[in-house]
file model_6.cif (mmCIF, C-alpha atoms)
data_query
#
loop_
_atom_site.label_atom_id
_atom_site.label_comp_id
_atom_site.auth_asym_id
_atom_site.auth_seq_id
_atom_site.Cartn_x
_atom_site.Cartn_y
_atom_site.Cartn_z
CA MET A 1 0.00 0.00 0.00
CA LYS A 2 1.22 3.48 -0.90
CA ILE A 3 -0.42 6.81 -0.06
CA VAL A 4 0.18 9.96 -2.08
CA SER A 5 -1.00 13.38 -0.94
CA GLY A 6 -2.06 16.20 -3.22
CA ASN A 7 -1.76 19.82 -2.11
CA SER A 8 -5.42 20.33 -1.20
CA ASN A 9 -5.36 18.81 2.30
CA ALA A 10 -1.92 17.55 3.33
CA PRO A 11 -2.73 17.46 7.10
CA LEU A 12 -5.62 15.04 6.50
CA ALA A 13 -3.40 12.85 4.30
CA ARG A 14 -0.75 12.76 7.03
CA ASP A 15 -3.36 11.78 9.63
CA ILE A 16 -4.66 8.99 7.37
CA ALA A 17 -1.12 7.70 6.82
CA LYS A 18 -0.49 7.83 10.58
CA TYR A 19 -3.67 5.83 11.23
CA LEU A 20 -2.50 3.18 8.76
CA ASN A 21 1.05 3.27 10.14
CA VAL A 22 2.59 4.02 6.75
CA SER A 23 4.62 6.92 5.37
CA LEU A 24 3.42 9.23 2.64
CA VAL A 25 5.07 8.69 -0.74
CA GLU A 26 7.64 11.36 -1.60
CA ALA A 27 6.22 13.36 -4.48
CA THR A 28 6.76 16.75 -6.07
CA ILE A 29 3.62 18.60 -7.10
CA LYS A 30 4.31 22.12 -8.26
CA LYS A 31 3.42 24.75 -10.86
CA PHE A 32 5.52 26.11 -13.67
CA PRO A 33 5.63 29.91 -14.08
CA ASP A 34 2.71 29.71 -16.55
CA LYS A 35 0.71 27.80 -13.85
CA GLU A 36 0.85 24.42 -15.60
CA ILE A 37 1.01 21.63 -13.00
CA PHE A 38 3.95 19.23 -12.79
CA VAL A 39 3.98 16.00 -10.80
CA GLU A 40 6.90 13.67 -10.09
CA ILE A 41 6.56 10.55 -7.93
CA GLN A 42 9.91 10.06 -6.22
CA GLU A 43 9.43 6.47 -5.03
CA ASN A 44 8.96 3.17 -6.81
CA VAL A 45 5.23 2.32 -7.08
CA ARG A 46 5.45 -0.58 -9.55
CA GLY A 47 2.92 -3.28 -8.65
CA GLU A 48 1.57 -1.33 -5.66
CA ASP A 49 -1.95 -0.31 -4.59
CA VAL A 50 -1.72 3.50 -4.51
CA PHE A 51 -4.26 5.79 -2.83
CA VAL A 52 -4.20 9.46 -3.82
CA ILE A 53 -5.68 11.78 -1.16
CA GLN A 54 -7.07 14.94 -2.74
CA SER A 55 -10.18 16.98 -1.96
CA THR A 56 -11.26 18.94 -5.01
CA SER A 57 -12.06 22.05 -2.97
CA PHE A 58 -11.09 25.67 -3.70
CA PRO A 59 -9.31 26.27 -6.01
CA ALA A 60 -11.31 23.37 -7.45
CA ASN A 61 -9.90 23.44 -10.96
CA ASP A 62 -6.27 23.37 -9.77
CA HIS A 63 -6.98 20.52 -7.38
CA VAL A 64 -8.85 18.49 -10.01
CA MET A 65 -5.93 18.88 -12.43
CA GLU A 66 -3.42 17.94 -9.69
CA LEU A 67 -5.39 14.77 -9.06
CA LEU A 68 -5.65 13.84 -12.74
CA ILE A 69 -1.96 14.45 -13.42
CA THR A 70 -0.93 12.54 -10.29
CA ILE A 71 -3.04 9.56 -11.38
CA ASP A 72 -1.45 9.71 -14.84
CA ALA A 73 2.05 9.79 -13.31
CA LEU A 74 1.24 6.75 -11.16
CA LYS A 75 -0.26 4.88 -14.10
CA ARG A 76 2.88 5.49 -16.16
CA GLY A 77 4.90 4.37 -13.14
CA SER A 78 3.21 0.93 -13.37
CA ALA A 79 1.14 1.14 -10.18
CA LYS A 80 -1.05 -1.97 -9.87
CA ARG A 81 -4.25 -0.20 -8.76
CA ILE A 82 -4.87 3.53 -8.31
CA ALA A 83 -7.63 4.81 -6.03
CA ALA A 84 -8.75 8.44 -6.06
CA ILE A 85 -9.65 9.31 -2.46
CA MET A 86 -11.68 12.53 -2.57
CA PRO A 87 -12.98 13.41 0.91
CA TYR A 88 -14.77 16.32 -0.77
CA TYR A 89 -15.94 15.75 -4.35
CA GLY A 90 -16.06 19.10 -6.11
CA TYR A 91 -18.71 19.78 -8.76
CA ALA A 92 -21.05 17.36 -6.92
CA ARG A 93 -23.84 19.95 -6.87
CA GLN A 94 -23.89 19.92 -10.69
CA ASP A 95 -25.29 16.40 -10.81
CA ARG A 96 -28.15 17.02 -13.27
CA LYS A 97 -29.27 19.47 -15.92
CA SER A 98 -30.67 22.41 -13.95
CA GLY A 99 -31.89 24.10 -17.13
CA PRO A 100 -31.57 24.06 -20.92
CA ARG A 101 -28.02 23.85 -22.28
CA THR A 102 -26.38 23.36 -18.87
CA PRO A 103 -23.67 20.77 -18.07
CA ILE A 104 -23.62 17.77 -15.76
CA SER A 105 -20.18 18.58 -14.41
CA ALA A 106 -20.17 15.85 -11.77
CA LYS A 107 -20.34 13.28 -14.60
CA LEU A 108 -17.60 15.09 -16.53
CA VAL A 109 -15.23 14.92 -13.54
CA ALA A 110 -16.00 11.20 -13.16
CA ASN A 111 -15.13 10.65 -16.82
CA LEU A 112 -11.88 12.56 -16.45
CA LEU A 113 -10.82 10.46 -13.45
CA MET A 114 -11.47 7.20 -15.28
CA VAL A 115 -9.69 8.33 -18.43
CA ALA A 116 -6.70 9.45 -16.33
CA GLY A 117 -6.40 5.88 -15.02
CA ALA A 118 -8.21 5.67 -11.66
CA ASP A 119 -9.25 2.10 -10.86
CA ARG A 120 -11.35 3.06 -7.85
CA ALA A 121 -12.92 6.14 -6.26
CA LEU A 122 -13.88 6.97 -2.69
CA MET A 123 -15.72 10.02 -1.40
CA VAL A 124 -17.35 11.17 1.84
CA ASP A 125 -21.03 12.22 1.94
CA LEU A 126 -21.64 12.79 -1.75
CA HIS A 127 -24.15 15.59 -2.29
CA ALA A 128 -26.21 13.20 -4.41
CA GLY A 129 -25.90 9.43 -4.09
CA GLN A 130 -26.56 8.88 -7.78
CA ILE A 131 -23.11 10.32 -8.57
CA GLN A 132 -21.78 6.83 -7.79
CA GLY A 133 -23.55 5.74 -10.98
CA PHE A 134 -21.48 8.22 -13.00
CA PHE A 135 -18.45 5.96 -12.49
CA ASP A 136 -17.75 2.70 -14.30
CA ILE A 137 -15.24 1.68 -11.62
CA PRO A 138 -15.85 0.59 -8.00
CA THR A 139 -16.93 3.66 -6.04
CA ASP A 140 -17.44 3.99 -2.28
CA ASN A 141 -19.47 6.75 -0.63
CA LEU A 142 -18.48 6.95 3.03
CA PHE A 143 -20.72 8.62 5.60
CA ALA A 144 -19.53 11.03 8.28
CA ALA A 145 -22.57 10.06 10.38
CA PRO A 146 -20.65 7.77 12.82
CA VAL A 147 -18.27 10.64 13.64
CA PHE A 148 -21.20 13.02 14.20
CA ILE A 149 -23.22 10.49 16.21
CA ASP A 150 -20.38 9.94 18.70
CA ASP A 151 -20.05 13.70 19.26
CA ILE A 152 -23.83 14.27 19.53
CA LYS A 153 -24.15 11.54 22.17
CA LYS A 154 -21.39 13.18 24.22
CA ARG A 155 -22.91 16.67 24.04
CA PHE A 156 -26.66 16.12 24.30
CA SER A 157 -29.35 14.16 26.07
CA ASP A 158 -31.85 12.57 23.71
CA LYS A 159 -34.75 13.87 25.86
CA ASP A 160 -34.12 17.55 25.14
CA SER A 161 -32.75 17.34 21.60
CA VAL A 162 -34.18 17.20 18.10
CA ILE A 163 -32.40 16.51 14.81
CA VAL A 164 -33.31 19.07 12.15
CA SER A 165 -33.02 18.76 8.38
CA PRO A 166 -32.49 22.24 6.85
CA ASP A 167 -34.44 21.21 3.73
CA VAL A 168 -36.56 18.37 2.40
CA GLY A 169 -33.65 17.00 0.37
CA GLY A 170 -31.64 16.23 3.51
CA VAL A 171 -34.39 14.32 5.35
CA VAL A 172 -32.94 10.85 4.68
CA ARG A 173 -29.55 11.87 6.11
CA ALA A 174 -31.11 13.58 9.16
CA ARG A 175 -33.54 10.73 9.82
CA ALA A 176 -30.73 8.16 9.85
CA ILE A 177 -28.86 10.14 12.50
CA ALA A 178 -32.03 10.82 14.52
CA LYS A 179 -32.69 7.09 14.63
CA ARG A 180 -29.17 6.31 15.84
CA VAL A 181 -29.25 8.92 18.62
CA ASP A 182 -32.92 8.23 19.50
CA CYS A 183 -34.08 11.80 18.85
CA ASP A 184 -37.16 13.29 17.23
CA LEU A 185 -36.90 14.75 13.74
CA ALA A 186 -37.89 18.20 12.47
CA ILE A 187 -37.82 19.51 8.90
CA ILE A 188 -37.44 23.04 7.59
CA ASP A 189 -39.48 23.77 4.49
CA LYS A 190 -37.69 26.36 2.36
CA ARG A 191 -37.91 27.89 -1.07
CA ARG A 192 -34.82 28.56 -3.18
CA GLU A 193 -35.49 31.25 -5.79
CA LYS A 194 -31.92 31.14 -7.14
CA ALA A 195 -28.52 29.57 -6.32
CA SER A 196 -27.17 30.38 -2.82
CA VAL A 197 -30.38 32.24 -1.83
CA SER A 198 -33.05 30.53 0.28
CA GLU A 199 -36.03 31.51 2.41
CA VAL A 200 -37.47 29.54 5.33
CA VAL A 201 -41.19 29.00 4.90
CA ASN A 202 -42.23 26.63 7.65
CA ILE A 203 -40.90 24.30 10.36
CA ILE A 204 -42.39 20.81 10.56
CA GLY A 205 -41.99 19.30 14.01
CA GLU A 206 -41.64 20.43 17.63
CA VAL A 207 -38.53 22.54 18.37
CA SER A 208 -39.63 24.72 21.31
CA ASP A 209 -37.32 24.38 24.34
CA LYS A 210 -35.19 21.84 22.45
CA ASN A 211 -31.51 21.67 21.54
CA CYS A 212 -31.86 21.77 17.76
CA ILE A 213 -29.16 19.90 15.83
CA LEU A 214 -29.00 20.83 12.15
CA ILE A 215 -27.53 18.15 9.86
CA ASP A 216 -26.28 18.89 6.33
CA ASP A 217 -23.58 17.75 3.91
CA ILE A 218 -22.30 21.10 2.57
CA CYS A 219 -22.16 24.63 3.92
CA ASP A 220 -21.07 27.09 1.22
CA THR A 221 -22.19 30.68 1.84
CA ALA A 222 -24.13 29.67 5.01
CA GLY A 223 -27.32 31.42 3.89
CA THR A 224 -29.52 28.32 4.31
CA LEU A 225 -27.92 27.43 7.64
CA THR A 226 -28.17 30.86 9.26
CA ASN A 227 -31.75 31.37 8.03
CA ALA A 228 -32.65 27.99 9.52
CA ALA A 229 -31.02 28.92 12.84
CA LYS A 230 -32.98 32.20 12.99
CA ALA A 231 -36.23 30.39 12.25
CA LEU A 232 -35.54 27.83 14.99
CA LYS A 233 -34.73 30.54 17.53
CA ASN A 234 -37.96 32.33 16.57
CA LYS A 235 -39.75 29.10 17.51
CA ASN A 236 -38.10 29.22 20.98
CA ALA A 237 -35.36 26.65 20.38
CA LYS A 238 -33.13 26.32 23.44
CA SER A 239 -29.95 26.15 21.33
CA VAL A 240 -28.92 25.59 17.73
CA PHE A 241 -25.98 23.41 16.76
CA ALA A 242 -25.00 22.47 13.20
CA TYR A 243 -23.13 19.38 12.01
CA ILE A 244 -21.79 19.83 8.48
CA THR A 245 -19.59 17.34 6.63
CA HIS A 246 -17.99 19.72 4.14
CA GLY A 247 -17.18 23.24 5.34
CA VAL A 248 -16.75 24.98 1.97
CA LEU A 249 -17.44 28.31 3.71
CA SER A 250 -17.12 30.75 0.82
CA ASN A 251 -17.48 34.45 1.55
CA PRO A 252 -19.51 35.71 3.41
CA ALA A 253 -20.05 32.43 5.31
CA ILE A 254 -17.78 33.07 8.31
CA GLU A 255 -19.24 36.52 8.93
CA ARG A 256 -22.77 35.15 8.68
CA ILE A 257 -22.04 32.29 11.10
CA ASN A 258 -20.34 34.56 13.63
CA ASP A 259 -23.31 36.96 13.54
CA SER A 260 -25.96 34.21 13.61
CA PRO A 261 -27.77 32.59 16.57
CA ILE A 262 -25.89 29.34 15.90
CA ASP A 263 -24.25 28.26 19.16
CA LYS A 264 -21.71 25.96 17.55
CA MET A 265 -21.00 24.62 14.08
CA ILE A 266 -19.11 21.33 13.82
CA ILE A 267 -17.44 20.46 10.52
CA THR A 268 -15.10 17.68 9.45
CA ASP A 269 -11.58 18.12 8.09
CA SER A 270 -12.59 16.94 4.59
CA ILE A 271 -11.59 20.44 3.45
CA LEU A 272 -8.50 22.17 4.79
CA ALA A 273 -9.63 24.91 7.19
CA ARG A 274 -8.54 28.45 6.36
CA ASP A 275 -7.20 30.75 9.06
CA ASP A 276 -10.51 32.61 9.43
CA VAL A 277 -12.27 29.27 9.97
CA LYS A 278 -9.78 28.29 12.67
CA LYS A 279 -10.16 31.65 14.39
CA SER A 280 -13.96 31.52 14.60
CA SER A 281 -15.08 30.68 18.13
CA LYS A 282 -18.27 29.15 16.75
CA ILE A 283 -16.62 26.54 14.52
CA GLU A 284 -15.07 23.24 15.60
CA GLN A 285 -13.54 20.44 13.52
CA LEU A 286 -13.83 16.67 13.86
CA SER A 287 -11.39 14.38 12.07
CA ILE A 288 -12.52 11.82 9.51
CA ALA A 289 -8.97 10.46 9.08
CA PRO A 290 -9.73 7.26 11.08
CA LEU A 291 -12.88 6.69 8.99
CA ILE A 292 -11.05 7.04 5.67
CA GLY A 293 -8.01 5.16 6.96
CA GLU A 294 -10.17 2.23 8.03
CA ALA A 295 -11.87 2.17 4.62
CA ILE A 296 -8.51 2.21 2.81
CA GLY A 297 -7.27 -0.66 4.97
CA ARG A 298 -10.35 -2.71 4.19
CA ILE A 299 -10.07 -2.02 0.46
CA THR A 300 -6.44 -3.19 0.49
CA GLU A 301 -7.40 -6.37 2.36
CA ASN A 302 -10.51 -6.94 0.18
CA LYS A 303 -12.82 -6.61 3.18
CA SER A 304 -16.28 -5.04 3.39
CA VAL A 305 -16.43 -1.25 3.52
CA SER A 306 -20.21 -1.05 3.95
CA SER A 307 -19.97 -2.90 7.27
CA LEU A 308 -18.39 0.27 8.72
CA PHE A 309 -21.90 1.74 8.79
CA ALA A 310 -23.92 -1.30 9.82
#
call {"tool": "encode", "arguments": {"input": "model_6.cif", "output": "structure tokens"}}
result
Amino acid sequence: MKIVSGNSNAPLARDIAKYLNVSLVEATIKKFPDKEIFVEIQENVRGEDVFVIQSTSFPANDHVMELLITIDALKRGSAKRIAAIMPYYGYARQDRKSGPRTPISAKLVANLLMVAGADRALMVDLHAGQIQGFFDIPTDNLFAAPVFIDDIKKRFSDKDSVIVSPDVGGVVRARAIAKRVDCDLAIIDKRREKASVSEVVNIIGEVSDKNCILIDDICDTAGTLTNAAKALKNKNAKSVFAYITHGVLSNPAIERINDSPIDKMIITDSILARDDVKKSSKIEQLSIAPLIGEAIGRITENKSVSSLFA
């Protein structure tokens, strides 16, 4: 087994390697003056299973190209099997035609990975499960739920808590967690007039005098999340916590979160945290390195990955 890290999230790659008790492969990934990307693998990978750790987060296009070129370098270096490990799969929100003459970019990225030479793909909390069907290679979609469930059980009593889905689309994810922590479920009904702009219309379920725990996969500009928190507080919620797998946190997300009634927002380290994220007193990070490391170990040993979530 060999593990290669891209530049998008080196700390997570190091933590995964530490969990597996292996060293990261020495590799040079840099840019020429004209910003073309160059990759050189500085260890022998012939006949090895190689796992490339690379979230395709901001700057997404650079990180996608890094991943593709790294896979190509490994393929030409005679690696036996190459797995693209993408804790955060960029372009996942473009998983269907949203209007006439629009792309399905999530499918395009899948095609690029396969053409580059990836033999396997692994992601965490895909925005849409059907993206797995865009790949013609084995693809695993890991869930951050076990990491969140452990933290929720430590922080809250099931008697005074309620799991909240910030929209109808996230009900399945929220319900699964509510069942595991033995909490009630509430749903926020919202309307989205255009991208990154949403309005809360109604709250389905009892939230008064409850610790409300919002569950979602991605937080980008934090408009949906902060609007949901305000609506919950207006319904006399005792507190509002948010558990988000992928903290994209584009501007003005941090400002919105800091100024919102959210008591605490917990994200994973699927995306490398910027300095302003680290400095926010309202944001905490949980590590998914053990989760990904365990999955990689099972893949190498040809064991079940799905049993991680049984």
call {"tool": "residues_near_point", "arguments": {"input": "model_6.cif", "point": "(-28.4, 20.8, -9.5)", "cutoff": "12 Å", "atoms": "only C-alpha atoms", "output": "PyMOL selection string"}}
result
chain A and resi 91-99+102-106+127-128+131+169+192+194-196
call {"tool": "residues_around", "arguments": {"input": "model_6.cif", "residues": "Lys179 in chain A", "least_positions_apart": "3", "cutoff": "12 Å", "atoms": "all atoms listed in the file", "output": "short mmCIF file (atom, residue, chain, number, x, y, z; two decimals) with C-alpha atoms, keeping the file's coordinate frame"}}
result
data_model
loop_
_atom_site.label_atom_id
_atom_site.label_comp_id
_atom_site.auth_asym_id
_atom_site.auth_seq_id
_atom_site.Cartn_x
_atom_site.Cartn_y
_atom_site.Cartn_z
CA ALA A 145 -22.57 10.06 10.38
CA ILE A 149 -23.22 10.49 16.21
CA ASP A 158 -31.85 12.57 23.71
CA VAL A 162 -34.18 17.20 18.10
CA ILE A 163 -32.40 16.51 14.81
CA VAL A 171 -34.39 14.32 5.35
CA VAL A 172 -32.94 10.85 4.68
CA ARG A 173 -29.55 11.87 6.11
CA ALA A 174 -31.11 13.58 9.16
CA ARG A 175 -33.54 10.73 9.82
CA ALA A 176 -30.73 8.16 9.85
CA ASP A 182 -32.92 8.23 19.50
CA CYS A 183 -34.08 11.80 18.85
CA ASP A 184 -37.16 13.29 17.23
CA LEU A 185 -36.90 14.75 13.74
#
call {"tool": "resolve_selection", "arguments": {"input": "model_6.cif", "expression": "the PyMOL selection byres ((chain A and resi 254-259) around 12)", "output": "ChimeraX atom specification"}}
result
/A:219-230,240-242,247-253,260-266,273-283
call {"tool": "residues_around", "arguments": {"input": "model_6.cif", "residues": "Gly6 in chain A", "least_positions_apart": "6", "cutoff": "8 Å", "atoms": "only C-alpha atoms", "output": "PyMOL selection string"}}
result
chain A and resi 29+52-54+63+66-67
call {"tool": "residues_around", "arguments": {"input": "model_6.cif", "residues": "Asp151 in chain A", "least_positions_apart": "2", "cutoff": "12 Å", "atoms": "all atoms listed in the file", "output": "ChimeraX atom specification"}}
result
/A:144-149,153-157,177,181,213,241-243,266-268,284-287
call {"tool": "atom_distance", "arguments": {"input": "model_6.cif", "atom1": "CA of Gly293 in chain A", "atom2": "CA of Leu214 in chain A"}}
result
26.7 Å
call {"tool": "atom_distance", "arguments": {"input": "model_6.cif", "atom1": "CA of Leu68 in chain A", "atom2": "CA of Ala116 in chain A"}}
result
5.8 Å
call {"tool": "atom_distance", "arguments": {"input": "model_6.cif", "atom1": "CA of Arg81 in chain A", "atom2": "CA of Ile69 in chain A"}}
result
15.5 Å
call {"tool": "build_atoms", "arguments": {"input": "model_6.cif", "residues": "range 65-76 of chain A", "atoms": "all heavy atoms", "output": "PDB file, in the coordinates of the input"}}
result
ATOM      1  N   MET A  65      -7.041  19.144 -11.514  1.00  0.00           N
ATOM      2  CA  MET A  65      -5.930  18.880 -12.430  1.00  0.00           C
ATOM      3  C   MET A  65      -4.763  18.196 -11.709  1.00  0.00           C
ATOM      4  O   MET A  65      -4.130  17.290 -12.257  1.00  0.00           O
ATOM      5  CB  MET A  65      -5.454  20.172 -13.088  1.00  0.00           C
ATOM      6  CG  MET A  65      -6.367  20.683 -14.184  1.00  0.00           C
ATOM      7  SD  MET A  65      -6.694  19.463 -15.486  1.00  0.00           S
ATOM      8  CE  MET A  65      -5.031  19.167 -16.109  1.00  0.00           C
ATOM      9  N   GLU A  66      -4.460  18.617 -10.485  1.00  0.00           N
ATOM     10  CA  GLU A  66      -3.420  17.940  -9.690  1.00  0.00           C
ATOM     11  C   GLU A  66      -3.726  16.461  -9.565  1.00  0.00           C
ATOM     12  O   GLU A  66      -2.852  15.608  -9.737  1.00  0.00           O
ATOM     13  CB  GLU A  66      -3.341  18.555  -8.285  1.00  0.00           C
ATOM     14  CG  GLU A  66      -2.429  19.737  -8.143  1.00  0.00           C
ATOM     15  CD  GLU A  66      -2.262  20.124  -6.681  1.00  0.00           C
ATOM     16  OE1 GLU A  66      -2.500  19.278  -5.793  1.00  0.00           O
ATOM     17  OE2 GLU A  66      -1.898  21.282  -6.443  1.00  0.00           O
ATOM     18  N   LEU A  67      -4.982  16.156  -9.248  1.00  0.00           N
ATOM     19  CA  LEU A  67      -5.390  14.770  -9.060  1.00  0.00           C
ATOM     20  C   LEU A  67      -5.250  13.971 -10.352  1.00  0.00           C
ATOM     21  O   LEU A  67      -4.702  12.863 -10.366  1.00  0.00           O
ATOM     22  CB  LEU A  67      -6.835  14.728  -8.551  1.00  0.00           C
ATOM     23  CG  LEU A  67      -7.465  13.351  -8.326  1.00  0.00           C
ATOM     24  CD1 LEU A  67      -6.637  12.509  -7.370  1.00  0.00           C
ATOM     25  CD2 LEU A  67      -8.887  13.500  -7.809  1.00  0.00           C
ATOM     26  N   LEU A  68      -5.724  14.539 -11.450  1.00  0.00           N
ATOM     27  CA  LEU A  68      -5.650  13.840 -12.740  1.00  0.00           C
ATOM     28  C   LEU A  68      -4.212  13.591 -13.160  1.00  0.00           C
ATOM     29  O   LEU A  68      -3.864  12.488 -13.614  1.00  0.00           O
ATOM     30  CB  LEU A  68      -6.367  14.673 -13.810  1.00  0.00           C
ATOM     31  CG  LEU A  68      -7.882  14.882 -13.637  1.00  0.00           C
ATOM     32  CD1 LEU A  68      -8.399  15.853 -14.692  1.00  0.00           C
ATOM     33  CD2 LEU A  68      -8.629  13.561 -13.705  1.00  0.00           C
ATOM     34  N   ILE A  69      -3.358  14.595 -12.996  1.00  0.00           N
ATOM     35  CA  ILE A  69      -1.960  14.450 -13.420  1.00  0.00           C
ATOM     36  C   ILE A  69      -1.210  13.485 -12.513  1.00  0.00           C
ATOM     37  O   ILE A  69      -0.363  12.705 -12.969  1.00  0.00           O
ATOM     38  CB  ILE A  69      -1.276  15.834 -13.466  1.00  0.00           C
ATOM     39  CG1 ILE A  69      -1.934  16.697 -14.556  1.00  0.00           C
ATOM     40  CG2 ILE A  69       0.217  15.706 -13.737  1.00  0.00           C
ATOM     41  CD1 ILE A  69      -1.520  18.154 -14.526  1.00  0.00           C
ATOM     42  N   THR A  70      -1.547  13.491 -11.212  1.00  0.00           N
ATOM     43  CA  THR A  70      -0.930  12.540 -10.290  1.00  0.00           C
ATOM     44  C   THR A  70      -1.319  11.109 -10.648  1.00  0.00           C
ATOM     45  O   THR A  70      -0.474  10.196 -10.648  1.00  0.00           O
ATOM     46  CB  THR A  70      -1.349  12.847  -8.836  1.00  0.00           C
ATOM     47  OG1 THR A  70      -0.941  14.179  -8.492  1.00  0.00           O
ATOM     48  CG2 THR A  70      -0.707  11.868  -7.862  1.00  0.00           C
ATOM     49  N   ILE A  71      -2.579  10.891 -10.965  1.00  0.00           N
ATOM     50  CA  ILE A  71      -3.040   9.560 -11.380  1.00  0.00           C
ATOM     51  C   ILE A  71      -2.309   9.122 -12.649  1.00  0.00           C
ATOM     52  O   ILE A  71      -1.859   7.968 -12.765  1.00  0.00           O
ATOM     53  CB  ILE A  71      -4.563   9.556 -11.595  1.00  0.00           C
ATOM     54  CG1 ILE A  71      -5.286   9.702 -10.255  1.00  0.00           C
ATOM     55  CG2 ILE A  71      -5.019   8.278 -12.300  1.00  0.00           C
ATOM     56  CD1 ILE A  71      -6.780   9.944 -10.377  1.00  0.00           C
ATOM     57  N   ASP A  72      -2.158  10.040 -13.591  1.00  0.00           N
ATOM     58  CA  ASP A  72      -1.450   9.710 -14.840  1.00  0.00           C
ATOM     59  C   ASP A  72       0.002   9.337 -14.553  1.00  0.00           C
ATOM     60  O   ASP A  72       0.530   8.372 -15.129  1.00  0.00           O
ATOM     61  CB  ASP A  72      -1.508  10.899 -15.797  1.00  0.00           C
ATOM     62  CG  ASP A  72      -0.901  10.572 -17.150  1.00  0.00           C
ATOM     63  OD1 ASP A  72      -1.531   9.829 -17.926  1.00  0.00           O
ATOM     64  OD2 ASP A  72       0.221  11.043 -17.433  1.00  0.00           O
ATOM     65  N   ALA A  73       0.651  10.084 -13.652  1.00  0.00           N
ATOM     66  CA  ALA A  73       2.050   9.790 -13.310  1.00  0.00           C
ATOM     67  C   ALA A  73       2.175   8.406 -12.679  1.00  0.00           C
ATOM     68  O   ALA A  73       3.114   7.647 -12.974  1.00  0.00           O
ATOM     69  CB  ALA A  73       2.584  10.866 -12.362  1.00  0.00           C
ATOM     70  N   LEU A  74       1.216   8.057 -11.816  1.00  0.00           N
ATOM     71  CA  LEU A  74       1.240   6.750 -11.160  1.00  0.00           C
ATOM     72  C   LEU A  74       0.971   5.624 -12.160  1.00  0.00           C
ATOM     73  O   LEU A  74       1.605   4.559 -12.108  1.00  0.00           O
ATOM     74  CB  LEU A  74       0.197   6.710 -10.035  1.00  0.00           C
ATOM     75  CG  LEU A  74       0.497   7.604  -8.824  1.00  0.00           C
ATOM     76  CD1 LEU A  74      -0.740   7.741  -7.953  1.00  0.00           C
ATOM     77  CD2 LEU A  74       1.661   7.037  -8.013  1.00  0.00           C
ATOM     78  N   LYS A  75       0.055   5.872 -13.080  1.00  0.00           N
ATOM     79  CA  LYS A  75      -0.260   4.880 -14.100  1.00  0.00           C
ATOM     80  C   LYS A  75       0.973   4.597 -14.960  1.00  0.00           C
ATOM     81  O   LYS A  75       1.294   3.438 -15.262  1.00  0.00           O
ATOM     82  CB  LYS A  75      -1.415   5.377 -14.965  1.00  0.00           C
ATOM     83  CG  LYS A  75      -1.883   4.395 -16.035  1.00  0.00           C
ATOM     84  CD  LYS A  75      -3.047   4.985 -16.828  1.00  0.00           C
ATOM     85  CE  LYS A  75      -3.512   4.012 -17.900  1.00  0.00           C
ATOM     86  NZ  LYS A  75      -4.630   4.599 -18.698  1.00  0.00           N
ATOM     87  N   ARG A  76       1.680   5.654 -15.331  1.00  0.00           N
ATOM     88  CA  ARG A  76       2.880   5.490 -16.160  1.00  0.00           C
ATOM     89  C   ARG A  76       4.046   4.940 -15.343  1.00  0.00           C
ATOM     90  O   ARG A  76       5.040   4.477 -15.912  1.00  0.00           O
ATOM     91  CB  ARG A  76       3.248   6.833 -16.797  1.00  0.00           C
ATOM     92  CG  ARG A  76       2.177   7.318 -17.766  1.00  0.00           C
ATOM     93  CD  ARG A  76       2.474   8.679 -18.366  1.00  0.00           C
ATOM     94  NE  ARG A  76       1.317   9.192 -19.100  1.00  0.00           N
ATOM     95  CZ  ARG A  76       0.968   8.821 -20.332  1.00  0.00           C
ATOM     96  NH1 ARG A  76       1.707   7.941 -20.990  1.00  0.00           N
ATOM     97  NH2 ARG A  76      -0.093   9.338 -20.921  1.00  0.00           N
TER      98      ARG A  76
END
